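Raw contents of my_file30.tsv, TSV, C-alpha atoms:
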chain	number	residue	atom	x	y	z
A	203	MET	CA	-58.79	78.25	34.22
A	204	ARG	CA	-61.65	75.75	34.21
A	205	VAL	CA	-63.86	78.24	32.36
A	206	TYR	CA	-61.16	78.76	29.74
A	207	SER	CA	-60.69	74.99	29.27
A	208	ALA	CA	-64.42	74.43	28.97
A	209	PHE	CA	-64.70	77.18	26.38
A	210	LEU	CA	-61.82	75.68	24.38
A	211	LEU	CA	-63.39	72.21	24.43
A	212	LEU	CA	-66.73	73.66	23.36
A	213	PHE	CA	-65.04	75.52	20.47
A	214	ILE	CA	-63.38	72.31	19.24
A	215	ALA	CA	-66.57	70.26	19.64
A	216	LEU	CA	-68.61	72.69	17.53
A	217	GLY	CA	-66.32	72.02	14.60
A	218	ALA	CA	-63.94	74.88	14.25
A	219	GLY	CA	-62.41	73.11	11.26
A	220	PRO	CA	-58.82	72.04	10.70
A	221	LEU	CA	-56.14	74.71	10.71
A	222	VAL	CA	-54.04	74.47	7.53
A	223	ALA	CA	-50.45	75.48	7.96
A	224	VAL	CA	-49.02	77.72	5.23
A	225	SER	CA	-45.29	77.72	4.55
A	226	PRO	CA	-43.70	81.13	5.15
A	227	ASP	CA	-41.72	80.62	1.93
A	228	TYR	CA	-45.01	80.31	0.06
A	229	SER	CA	-46.25	83.67	1.34
A	230	ASN	CA	-42.93	85.49	1.03
A	231	MET	CA	-42.20	84.25	-2.48
A	232	GLY	CA	-45.75	85.05	-3.51
A	233	ASP	CA	-45.28	88.68	-2.46
A	234	VAL	CA	-41.94	88.88	-4.27
A	235	LEU	CA	-43.46	87.44	-7.44
A	236	ASN	CA	-46.30	89.96	-7.31
A	237	ASP	CA	-43.87	92.86	-6.88
A	238	ASN	CA	-41.77	91.61	-9.78
A	239	ARG	CA	-44.82	91.25	-12.03
A	240	ARG	CA	-45.86	94.83	-11.24
A	241	ALA	CA	-42.37	96.02	-12.18
A	242	LEU	CA	-42.60	94.08	-15.46
A	243	MET	CA	-45.97	95.58	-16.32
A	244	PHE	CA	-44.70	99.07	-15.48
A	245	MET	CA	-41.82	98.59	-17.92
A	246	ASP	CA	-44.16	97.50	-20.72
A	247	ILE	CA	-45.31	101.06	-21.47
A	248	CYS	CA	-41.76	102.39	-21.21
A	249	VAL	CA	-40.35	99.82	-23.64
A	250	VAL	CA	-43.22	100.20	-26.11
A	251	ASN	CA	-42.88	104.01	-26.21
A	252	LEU	CA	-39.14	104.05	-26.91
A	253	ARG	CA	-38.10	106.33	-29.74
A	254	GLY	CA	-36.28	105.14	-32.82
A	255	PRO	CA	-36.80	102.35	-35.36
A	256	SER	CA	-38.32	99.06	-34.27
A	257	ALA	CA	-36.35	95.91	-33.54
A	258	GLU	CA	-37.26	94.51	-36.97
A	259	GLU	CA	-36.00	97.62	-38.76
A	260	ASP	CA	-32.79	97.99	-36.72
A	261	PRO	CA	-31.75	94.76	-34.94
A	262	LYS	CA	-28.84	96.59	-33.25
A	263	GLY	CA	-30.75	99.70	-32.22
A	264	MET	CA	-31.77	100.85	-28.78
A	265	ARG	CA	-35.27	99.39	-28.96
A	266	ALA	CA	-33.92	96.00	-30.02
A	267	GLU	CA	-31.39	95.91	-27.16
A	268	LEU	CA	-33.90	96.90	-24.49
A	269	GLU	CA	-36.56	94.53	-25.81
A	270	THR	CA	-34.02	91.68	-25.59
A	271	LEU	CA	-33.28	92.64	-21.98
A	272	TYR	CA	-37.00	92.87	-21.26
A	273	LYS	CA	-37.59	89.45	-22.80
A	274	SER	CA	-34.93	87.88	-20.57
A	275	ALA	CA	-36.58	89.37	-17.47
A	276	ILE	CA	-39.99	88.05	-18.53
A	277	GLU	CA	-38.62	84.56	-19.22
A	278	HIS	CA	-36.98	84.28	-15.80
A	279	ASP	CA	-40.16	85.56	-14.14
A	280	PHE	CA	-42.14	82.92	-16.05
A	281	TYR	CA	-39.81	80.14	-14.90
A	282	ALA	CA	-39.98	81.45	-11.32
A	283	ASN	CA	-43.76	81.19	-11.36
A	284	LEU	CA	-43.57	77.63	-12.67
A	285	TRP	CA	-41.20	76.64	-9.87
A	286	TYR	CA	-43.48	78.42	-7.40
A	287	LEU	CA	-46.40	76.20	-8.39
A	288	GLN	CA	-44.21	73.13	-7.78
A	289	GLY	CA	-43.11	74.40	-4.36
A	290	ASN	CA	-39.41	74.50	-5.25
A	291	TYR	CA	-38.63	77.80	-3.54
A	292	SER	CA	-34.87	77.63	-4.02
A	293	LYS	CA	-35.40	77.55	-7.80
A	294	VAL	CA	-37.95	80.36	-7.46
A	295	TYR	CA	-35.35	82.49	-5.71
A	296	GLN	CA	-32.70	81.78	-8.34
A	297	GLU	CA	-34.95	82.66	-11.28
A	298	MET	CA	-36.34	85.68	-9.45
A	299	ARG	CA	-32.86	87.05	-8.85
A	300	LEU	CA	-32.02	86.67	-12.53
A	301	SER	CA	-35.24	88.46	-13.49
A	302	GLN	CA	-34.57	91.29	-11.03
A	303	LYS	CA	-31.02	91.65	-12.33
A	304	ASP	CA	-32.29	92.21	-15.87
A	305	LEU	CA	-35.10	94.44	-14.63
A	306	GLN	CA	-32.87	96.80	-12.68
A	307	GLU	CA	-30.59	97.21	-15.70
A	308	LEU	CA	-33.62	97.83	-17.90
A	309	HIS	CA	-34.98	100.42	-15.45
A	310	ARG	CA	-31.62	102.18	-15.36
A	311	ARG	CA	-31.30	102.45	-19.13
A	312	ILE	CA	-34.92	103.53	-19.53
A	313	LEU	CA	-34.44	106.27	-16.92
A	314	ASP	CA	-31.23	107.39	-18.62
A	315	ASN	CA	-33.14	107.68	-21.90
A	316	TYR	CA	-35.91	109.68	-20.18
A	317	ILE	CA	-33.34	112.12	-18.78
A	318	GLU	CA	-31.78	112.69	-22.21
A	319	GLU	CA	-35.16	113.34	-23.86
A	320	THR	CA	-36.29	115.68	-21.08
A	321	VAL	CA	-33.08	117.71	-21.28
A	322	VAL	CA	-33.67	118.17	-25.01
A	323	LEU	CA	-37.31	119.12	-24.40
A	324	LEU	CA	-36.50	121.67	-21.69
A	325	GLU	CA	-33.47	123.25	-23.37
A	326	ALA	CA	-35.27	123.57	-26.70
A	327	SER	CA	-38.26	125.19	-25.01
A	328	ALA	CA	-36.23	127.61	-22.90
A	329	PRO	CA	-35.34	130.11	-25.70
A	330	ILE	CA	-38.96	130.28	-26.83
A	331	ILE	CA	-40.17	131.00	-23.30
A	332	VAL	CA	-37.43	133.57	-22.65
A	333	LEU	CA	-38.38	135.51	-25.79
A	334	THR	CA	-42.08	135.61	-24.87
A	335	ARG	CA	-41.33	136.77	-21.29
A	336	ASP	CA	-44.37	134.89	-20.02
A	337	GLN	CA	-44.00	134.59	-16.24
A	338	THR	CA	-46.33	131.61	-15.95
A	339	ALA	CA	-44.42	129.71	-18.62
A	340	LYS	CA	-41.16	130.64	-16.93
A	341	LYS	CA	-42.34	129.25	-13.61
A	342	LEU	CA	-43.50	126.02	-15.24
A	343	LEU	CA	-40.13	125.66	-16.92
A	344	GLU	CA	-38.36	126.13	-13.59
A	345	LEU	CA	-40.49	123.34	-12.12
A	346	GLY	CA	-39.45	121.12	-15.02
A	347	PHE	CA	-35.74	121.75	-14.37
A	348	ARG	CA	-36.33	121.14	-10.67
A	349	ASP	CA	-37.86	117.73	-11.38
A	350	ILE	CA	-35.03	116.70	-13.68
A	351	GLU	CA	-32.49	117.45	-10.95
A	352	SER	CA	-34.59	115.45	-8.50
A	353	THR	CA	-34.64	112.60	-11.03
A	354	ARG	CA	-30.85	112.62	-11.24
A	355	LEU	CA	-30.74	112.14	-7.47
A	356	PHE	CA	-32.98	109.07	-7.77
A	357	TYR	CA	-30.73	107.79	-10.54
A	358	MET	CA	-27.59	108.21	-8.43
A	359	ARG	CA	-29.21	106.55	-5.41
A	360	GLY	CA	-30.17	103.54	-7.48
A	361	PHE	CA	-26.80	103.37	-9.23
A	362	ASN	CA	-24.86	103.67	-5.96
A	363	SER	CA	-26.92	101.07	-4.11
A	364	GLY	CA	-25.40	97.70	-3.32
A	365	PRO	CA	-24.66	95.66	-6.46
A	366	GLN	CA	-26.91	92.81	-5.27
A	367	LEU	CA	-29.78	94.99	-3.96
A	368	TYR	CA	-31.82	94.69	-7.14
A	369	ALA	CA	-35.18	95.49	-5.51
A	370	ASN	CA	-33.85	98.75	-4.06
A	371	LYS	CA	-32.43	99.77	-7.42
A	372	ILE	CA	-35.74	99.05	-9.15
A	373	ASN	CA	-37.64	101.14	-6.60
A	374	TYR	CA	-35.29	104.12	-6.97
A	375	TYR	CA	-35.38	103.98	-10.77
A	376	THR	CA	-39.19	103.68	-10.74
A	377	ASP	CA	-39.49	106.77	-8.56
A	378	GLY	CA	-37.17	108.57	-10.95
A	379	ILE	CA	-39.30	107.64	-13.96
A	380	LEU	CA	-42.46	108.88	-12.26
A	381	ARG	CA	-40.73	112.10	-11.26
A	382	ILE	CA	-39.33	112.85	-14.68
A	383	ARG	CA	-42.70	112.23	-16.29
A	384	ARG	CA	-44.02	115.04	-14.14
A	385	GLY	CA	-41.15	117.23	-15.28
A	386	ARG	CA	-42.04	116.51	-18.91
A	387	ARG	CA	-45.60	117.60	-18.20
A	388	TYR	CA	-44.30	120.92	-16.90
A	389	ALA	CA	-42.18	121.32	-20.05
A	390	LEU	CA	-45.18	120.84	-22.34
A	391	LEU	CA	-47.39	123.11	-20.25
A	392	ALA	CA	-44.70	125.81	-20.30
A	393	LEU	CA	-44.44	125.54	-24.08
A	394	LEU	CA	-48.20	125.80	-24.50
A	395	GLU	CA	-48.47	128.70	-22.07
A	396	ALA	CA	-45.82	130.62	-23.99
A	397	LYS	CA	-47.21	129.99	-27.48
A	398	VAL	CA	-50.98	130.16	-26.98
A	399	PRO	CA	-52.19	133.60	-28.15
A	400	VAL	CA	-53.28	135.88	-25.31
A	401	PRO	CA	-56.91	136.27	-26.51
A	402	GLU	CA	-57.31	132.48	-26.48
A	403	LYS	CA	-56.11	131.97	-22.91
A	404	ALA	CA	-58.89	131.12	-20.49
A	405	LYS	CA	-57.76	133.63	-17.84
A	406	TYR	CA	-58.15	136.52	-20.30
A	407	GLN	CA	-61.57	135.52	-21.64
A	408	LEU	CA	-64.81	137.07	-20.49
A	409	VAL	CA	-66.88	134.74	-18.31
A	410	THR	CA	-70.60	135.41	-17.99
A	411	LEU	CA	-73.11	134.03	-15.54
A	412	ASP	CA	-74.51	131.75	-18.22
A	413	ASP	CA	-71.04	130.26	-18.74
A	414	VAL	CA	-70.81	129.45	-15.05
A	415	LYS	CA	-74.27	127.84	-15.05
A	416	ASN	CA	-73.45	125.76	-18.12
A	417	LEU	CA	-70.18	124.67	-16.51
A	418	MET	CA	-72.01	123.52	-13.37
A	419	GLU	CA	-74.63	121.65	-15.39
A	420	GLN	CA	-72.11	119.64	-17.40
A	421	PRO	CA	-72.46	115.94	-16.46
A	422	GLU	CA	-68.77	115.12	-16.78
A	423	ALA	CA	-65.82	117.44	-17.12
A	424	GLN	CA	-63.18	116.78	-19.75
A	425	SER	CA	-60.12	114.99	-18.39
A	426	LYS	CA	-56.83	116.84	-18.22
A	427	PHE	CA	-55.26	114.33	-20.58
A	428	ASN	CA	-57.80	114.94	-23.35
A	429	GLU	CA	-57.83	118.69	-22.71
A	430	ILE	CA	-54.06	119.04	-23.15
A	431	LEU	CA	-54.04	116.55	-26.05
A	432	ASN	CA	-56.65	118.54	-27.97
A	433	LEU	CA	-54.75	121.75	-27.29
A	434	LEU	CA	-51.50	120.20	-28.52
A	435	ILE	CA	-53.16	118.96	-31.70
A	436	ASN	CA	-54.61	122.42	-32.27
A	437	MET	CA	-51.32	124.24	-31.66
A	438	THR	CA	-49.17	121.87	-33.74
A	439	GLY	CA	-51.71	122.02	-36.57
A	440	ARG	CA	-51.44	125.80	-36.61
A	441	ASN	CA	-47.61	125.60	-36.47
A	442	LEU	CA	-47.54	127.58	-33.23
A	443	VAL	CA	-45.86	124.70	-31.39
A	444	PRO	CA	-43.31	122.45	-33.16
A	445	LYS	CA	-44.49	118.87	-33.42
A	446	ILE	CA	-40.92	117.52	-33.40
A	447	ILE	CA	-38.30	118.99	-31.06
A	448	SER	CA	-34.70	118.04	-31.87
A	449	ASP	CA	-31.35	118.88	-30.37
A	450	ASP	CA	-27.83	117.48	-30.13
A	451	LEU	CA	-26.91	115.88	-26.83
A	452	LYS	CA	-23.79	113.84	-26.00
A	453	GLY	CA	-22.77	113.75	-29.64
A	454	LYS	CA	-26.04	112.35	-30.97
A	455	ARG	CA	-29.23	113.76	-32.43
A	456	ILE	CA	-32.30	113.29	-30.25
A	457	SER	CA	-35.78	114.04	-31.61
A	458	VAL	CA	-38.98	113.86	-29.56
A	459	ASN	CA	-42.59	114.09	-30.67
A	460	VAL	CA	-44.59	116.32	-28.32
A	461	LEU	CA	-47.82	114.34	-28.88
A	462	GLU	CA	-46.08	111.07	-28.05
A	463	VAL	CA	-44.41	112.63	-25.01
A	464	HIS	CA	-47.81	113.72	-23.73
A	465	GLN	CA	-49.22	110.20	-24.06
A	466	ASP	CA	-46.23	108.68	-22.28
A	467	ASN	CA	-46.47	111.22	-19.45
A	468	TYR	CA	-49.85	109.76	-18.52
A	469	GLY	CA	-48.76	106.14	-18.91
A	470	ARG	CA	-50.56	105.72	-22.24
A	471	MET	CA	-49.27	103.51	-25.03
A	472	TYR	CA	-48.74	105.02	-28.47
A	473	SER	CA	-51.77	104.34	-30.65
A	474	ASP	CA	-49.73	102.71	-33.45
A	475	ARG	CA	-47.85	100.26	-31.21
A	476	ARG	CA	-48.69	97.06	-29.37
A	477	SER	CA	-47.75	95.60	-26.01
A	478	VAL	CA	-44.30	94.02	-25.95
A	479	PHE	CA	-45.19	92.04	-22.82
A	480	GLN	CA	-48.08	90.30	-24.56
A	481	LYS	CA	-45.95	89.64	-27.64
A	482	ILE	CA	-43.17	88.02	-25.60
A	483	SER	CA	-45.63	86.09	-23.42
A	484	LEU	CA	-47.10	84.41	-26.49
A	485	GLU	CA	-43.63	83.23	-27.52
A	486	LEU	CA	-42.73	81.66	-24.16
A	487	ASN	CA	-42.33	77.89	-23.95
A	488	THR	CA	-41.22	75.38	-21.34
A	489	THR	CA	-38.39	73.87	-23.41
A	490	ALA	CA	-35.65	75.79	-21.65
A	491	PHE	CA	-37.43	75.30	-18.32
A	492	HIS	CA	-37.22	71.49	-18.55
A	493	LYS	CA	-33.78	71.46	-20.16
A	494	SER	CA	-31.98	72.25	-16.90
A	495	ASP	CA	-33.57	69.23	-15.15
A	496	ALA	CA	-33.32	66.78	-18.05
A	497	MET	CA	-31.04	63.79	-17.73
A	498	PRO	CA	-28.08	63.65	-20.13
A	499	ARG	CA	-28.38	61.33	-23.12
A	500	ARG	CA	-25.71	59.04	-21.63
A	501	ASN	CA	-25.94	58.62	-17.87
A	502	THR	CA	-25.32	56.00	-15.20
A	503	ASP	CA	-28.51	54.12	-16.09
A	504	ASN	CA	-27.78	53.61	-19.81
A	505	ARG	CA	-24.04	53.97	-20.06
A	506	ASP	CA	-23.72	50.31	-21.12
A	507	SER	CA	-26.22	50.62	-24.00
A	508	VAL	CA	-25.51	54.15	-25.22
A	509	PRO	CA	-22.08	54.66	-26.83
A	510	ALA	CA	-19.86	57.45	-25.61
A	511	ALA	CA	-20.04	59.15	-29.00
A	512	GLU	CA	-23.71	60.02	-28.35
A	513	SER	CA	-23.02	61.84	-25.09
A	514	ASP	CA	-24.02	65.47	-24.67
A	515	PRO	CA	-21.40	67.86	-26.00
A	516	VAL	CA	-19.18	69.32	-23.33
A	517	GLU	CA	-18.69	73.05	-23.41
A	518	PRO	CA	-15.02	74.02	-23.46
A	519	SER	CA	-13.83	75.40	-20.17
A	520	LYS	CA	-12.42	78.87	-20.08
A	521	ALA	CA	-8.69	78.84	-19.50
A	522	PRO	CA	-7.46	81.09	-16.72
A	523	PRO	CA	-5.68	84.24	-17.84
A	524	VAL	CA	-2.00	83.77	-18.45
A	525	THR	CA	0.14	85.95	-16.26
A	526	GLN	CA	3.69	86.80	-17.21
A	527	PRO	CA	6.21	85.59	-14.61
A	528	THR	CA	8.00	88.39	-12.90
A	529	ALA	CA	11.74	88.26	-12.43
A	530	PRO	CA	12.79	87.78	-8.85
A	531	GLN	CA	14.11	90.88	-7.22
A	532	THR	CA	17.81	90.66	-6.44
A	533	THR	CA	19.46	92.79	-3.85
A	534	GLN	CA	22.55	94.65	-5.02
A	535	PRO	CA	25.59	94.33	-2.82
A	536	SER	CA	26.32	97.47	-0.90
A	537	THR	CA	29.35	99.40	-2.07
A	538	GLN	CA	29.72	101.33	1.16
A	539	THR	CA	32.43	100.16	3.54
A	540	PRO	CA	31.34	99.73	7.09
A	541	ALA	CA	32.50	102.36	9.50
A	542	PRO	CA	35.23	101.25	11.87
A	543	ALA	CA	34.08	100.40	15.30
A	544	THR	CA	35.04	102.88	17.94
A	545	ASN	CA	35.83	101.93	21.47
Rendering of file as C-alpha cells:
Amino acid sequence: MRVYSAFLLLFIALGAGPLVAVSPDYSNMGDVLNDNRRALMFMDICVVNLRGPSAEEDPKGMRAELETLYKSAIEHDFYANLWYLQGNYSKVYQEMRLSQKDLQELHRRILDNYIEETVVLLEASAPIIVLTRDQTAKKLLELGFRDIESTRLFYMRGFNSGPQLYANKINYYTDGILRIRRGRRYALLALLEAKVPVPEKAKYQLVTLDDVKNLMEQPEAQSKFNEILNLLINMTGRNLVPKIISDDLKGKRISVNVLEVHQDNYGRMYSDRRSVFQKISLELNTTAFHKSDAMPRRNTDNRDSVPAAESDPVEPSKAPPVTQPTAPQTTQPSTQTPAPATN
C-alpha cells in the first residue's frame, strides 16, 4: 500500500497534467450528429440521380417533393450542429429528431422508387434473355430477382419498425438501397451477357501466351466500373442494347436510362447534374434559428412603451372537431307479463 501511495504521489509530482472532464452528452450527441451527417451525404447521390424533370421544370414533380424533404432534413441538422456548439443538448436532440424524421421518410420514398425502377429493368430484360437461352444471363437475372425480394424484406422491416425509431428505419432503408443497387448490377450484366455477340465474348476468344504476358505487365488494370461503362456505350451505340428501357408499372410509365443506372449503381453522380446538398447548404441562414429564441416585439419589459397594436400576430388556434350529440338510449317497456309465482 505504501509503494502504491508513493508511486501515485510521484506521478502527480511529475506533472501528469489536469484531467478535463467531458460531458457524456457531448460525446453521445457528437456521435449522433456524425451518423446523421453520413445519412445526409448518402442521400445526396440518391436525390441527385432521381429520374424525371427537375424541380424548376416541374415544381410538383417527384424530384421537387423529395428535394423539399431533403432540404428540411439538412436545415434541422444545421440547427442541431449550431446548438451543439453552444452546449444546449436538449435543443440538439429536438432538432436531430426532426432531421431524422424527414430523413427516414426520404429514405423510404427513395427505396420505393428504386424498387419500381428495378422491377421495370428486370421484367423488360427477362424476355430478351429467355429468347437468347443464355444460361449465364439467366443465372444473373435470377440473382437480380433474388436481390429485389431481399430488398422488399428490408423495406418491410423499416416500415414496420416503431414509429419513433427513426435511426432503425434509416438503417434498414439504407441496407435496402445498397442491396437493390447490387440487383440492378446483375440486371445490366444479364442484359449485356445476352446481347453481346458470341465471338466478342472473352470466354470464347483465343488467348495466347503473349496475351497473358501483356496482361501481367500492365501497370494498372481497368476498373470494373469503366469496363462495364465502355461496354454499355459500345452496345447502345450499335443498337444491340436499348439505351432507354420503359414499361408500365402501377398505372404509370417508368423509363430508365441504362447508362445512368450503371453510374448510380456505383454511387456516382450523373455527369450533367450537381450536388443538391451543396446547393442547399449555400442557401442556409440563421434567421429561422434565432427566430425561435427572439423576444416578442411587445413583452414584459416594454409593454408600457409599445402599444398593443404592434404585438406579434397570434396564430389562430385550431378548433376541436365538432362531434354530433348522440340521442340517449331509452329502454322500451317490456310487453311480457310476468309469470305467476308458484308456491
One decimal place gives the CA of Asn283 (chain A)-CA of Arg310 (chain A) separation as 24.6 Å
What does the distance between CA of Arg354 (chain A) and CA of Ile317 (chain A) come to in Å, to one decimal place?
8.0 Å
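Take the candidates A:Ile456, A:Met471, A:Leu313, A:Val398 and check each one against Arg253 (chain A) using only C-alpha atoms; the shortest distance goes to A:Ile456.
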Looking at all atoms listed in the file, which of A:Tyr281, A:Tyr388, A:Tyr472, A:Tyr316 is the one that sits closest to Tyr357 (chain A)?
A:Tyr316
List the spatial neighbours of region 264-267 of chain A as a PyMOL selection string - criterion: any atom at most 10 Å away, all atoms listed in the file, same-chain residues fewer than 5 positions off excluded.
chain A and resi 249-259+272-273+308+311+315
Quick one: contact table of region 227-281 of chain A to region 367-382 of chain A, 9 Å max, nearest atom pair and distance in Å to one decimal per residue, counting all atoms listed in the file, chain and number order, as a Markdown table?
| residue | atom | partner | partner_atom | distance |
| --- | --- | --- | --- | --- |
| A:Asn238 | CA | A:Ala369 | CA | 8.8 |
| A:Ala241 | CA | A:Ile372 | CA | 7.9 |
| A:Phe244 | CA | A:Thr376 | CA | 8.6 |
CA of Thr438 (chain A) and CA of Ser477 (chain A) are how many Å apart?
27.4 Å
Set up a box along x, y and z of the file covering all listed atoms of region 272-282 of chain A, add 8 Å on every one of the six sides, and write the centre and edge lengths in Å to one decimal, as JSON.
{"center_x": -38.5, "center_y": 86.5, "center_z": -17.1, "size_x": 23.2, "size_y": 28.7, "size_z": 27.5}
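Here the selection is built from all atoms listed in the file, and the residues within 10 Å of (-38.7, 86.4, -13.7) turn out to be A:Leu235, A:Asn238, A:Arg239, A:Leu242, A:Lys273, A:Ser274, A:Ala275, A:Ile276, A:Glu277, A:His278, A:Asp279, A:Phe280, A:Tyr281, A:Ala282, A:Asn283, A:Val294, A:Tyr295, A:Gln296, A:Glu297, A:Met298, A:Arg299, A:Leu300, A:Ser301, A:Gln302, A:Lys303, A:Asp304, A:Leu305.
With distances restricted to all atoms listed in the file, A:Glu462 is the closest residue to Asp474 (chain A) from A:Asp237, A:Glu462, A:Glu344, A:Arg455.
Minimum distance to Gln306 (chain A) across A:Asn436, A:Tyr468, A:Met245, A:Ala396 (counting all atoms listed in the file) occurs at A:Met245.
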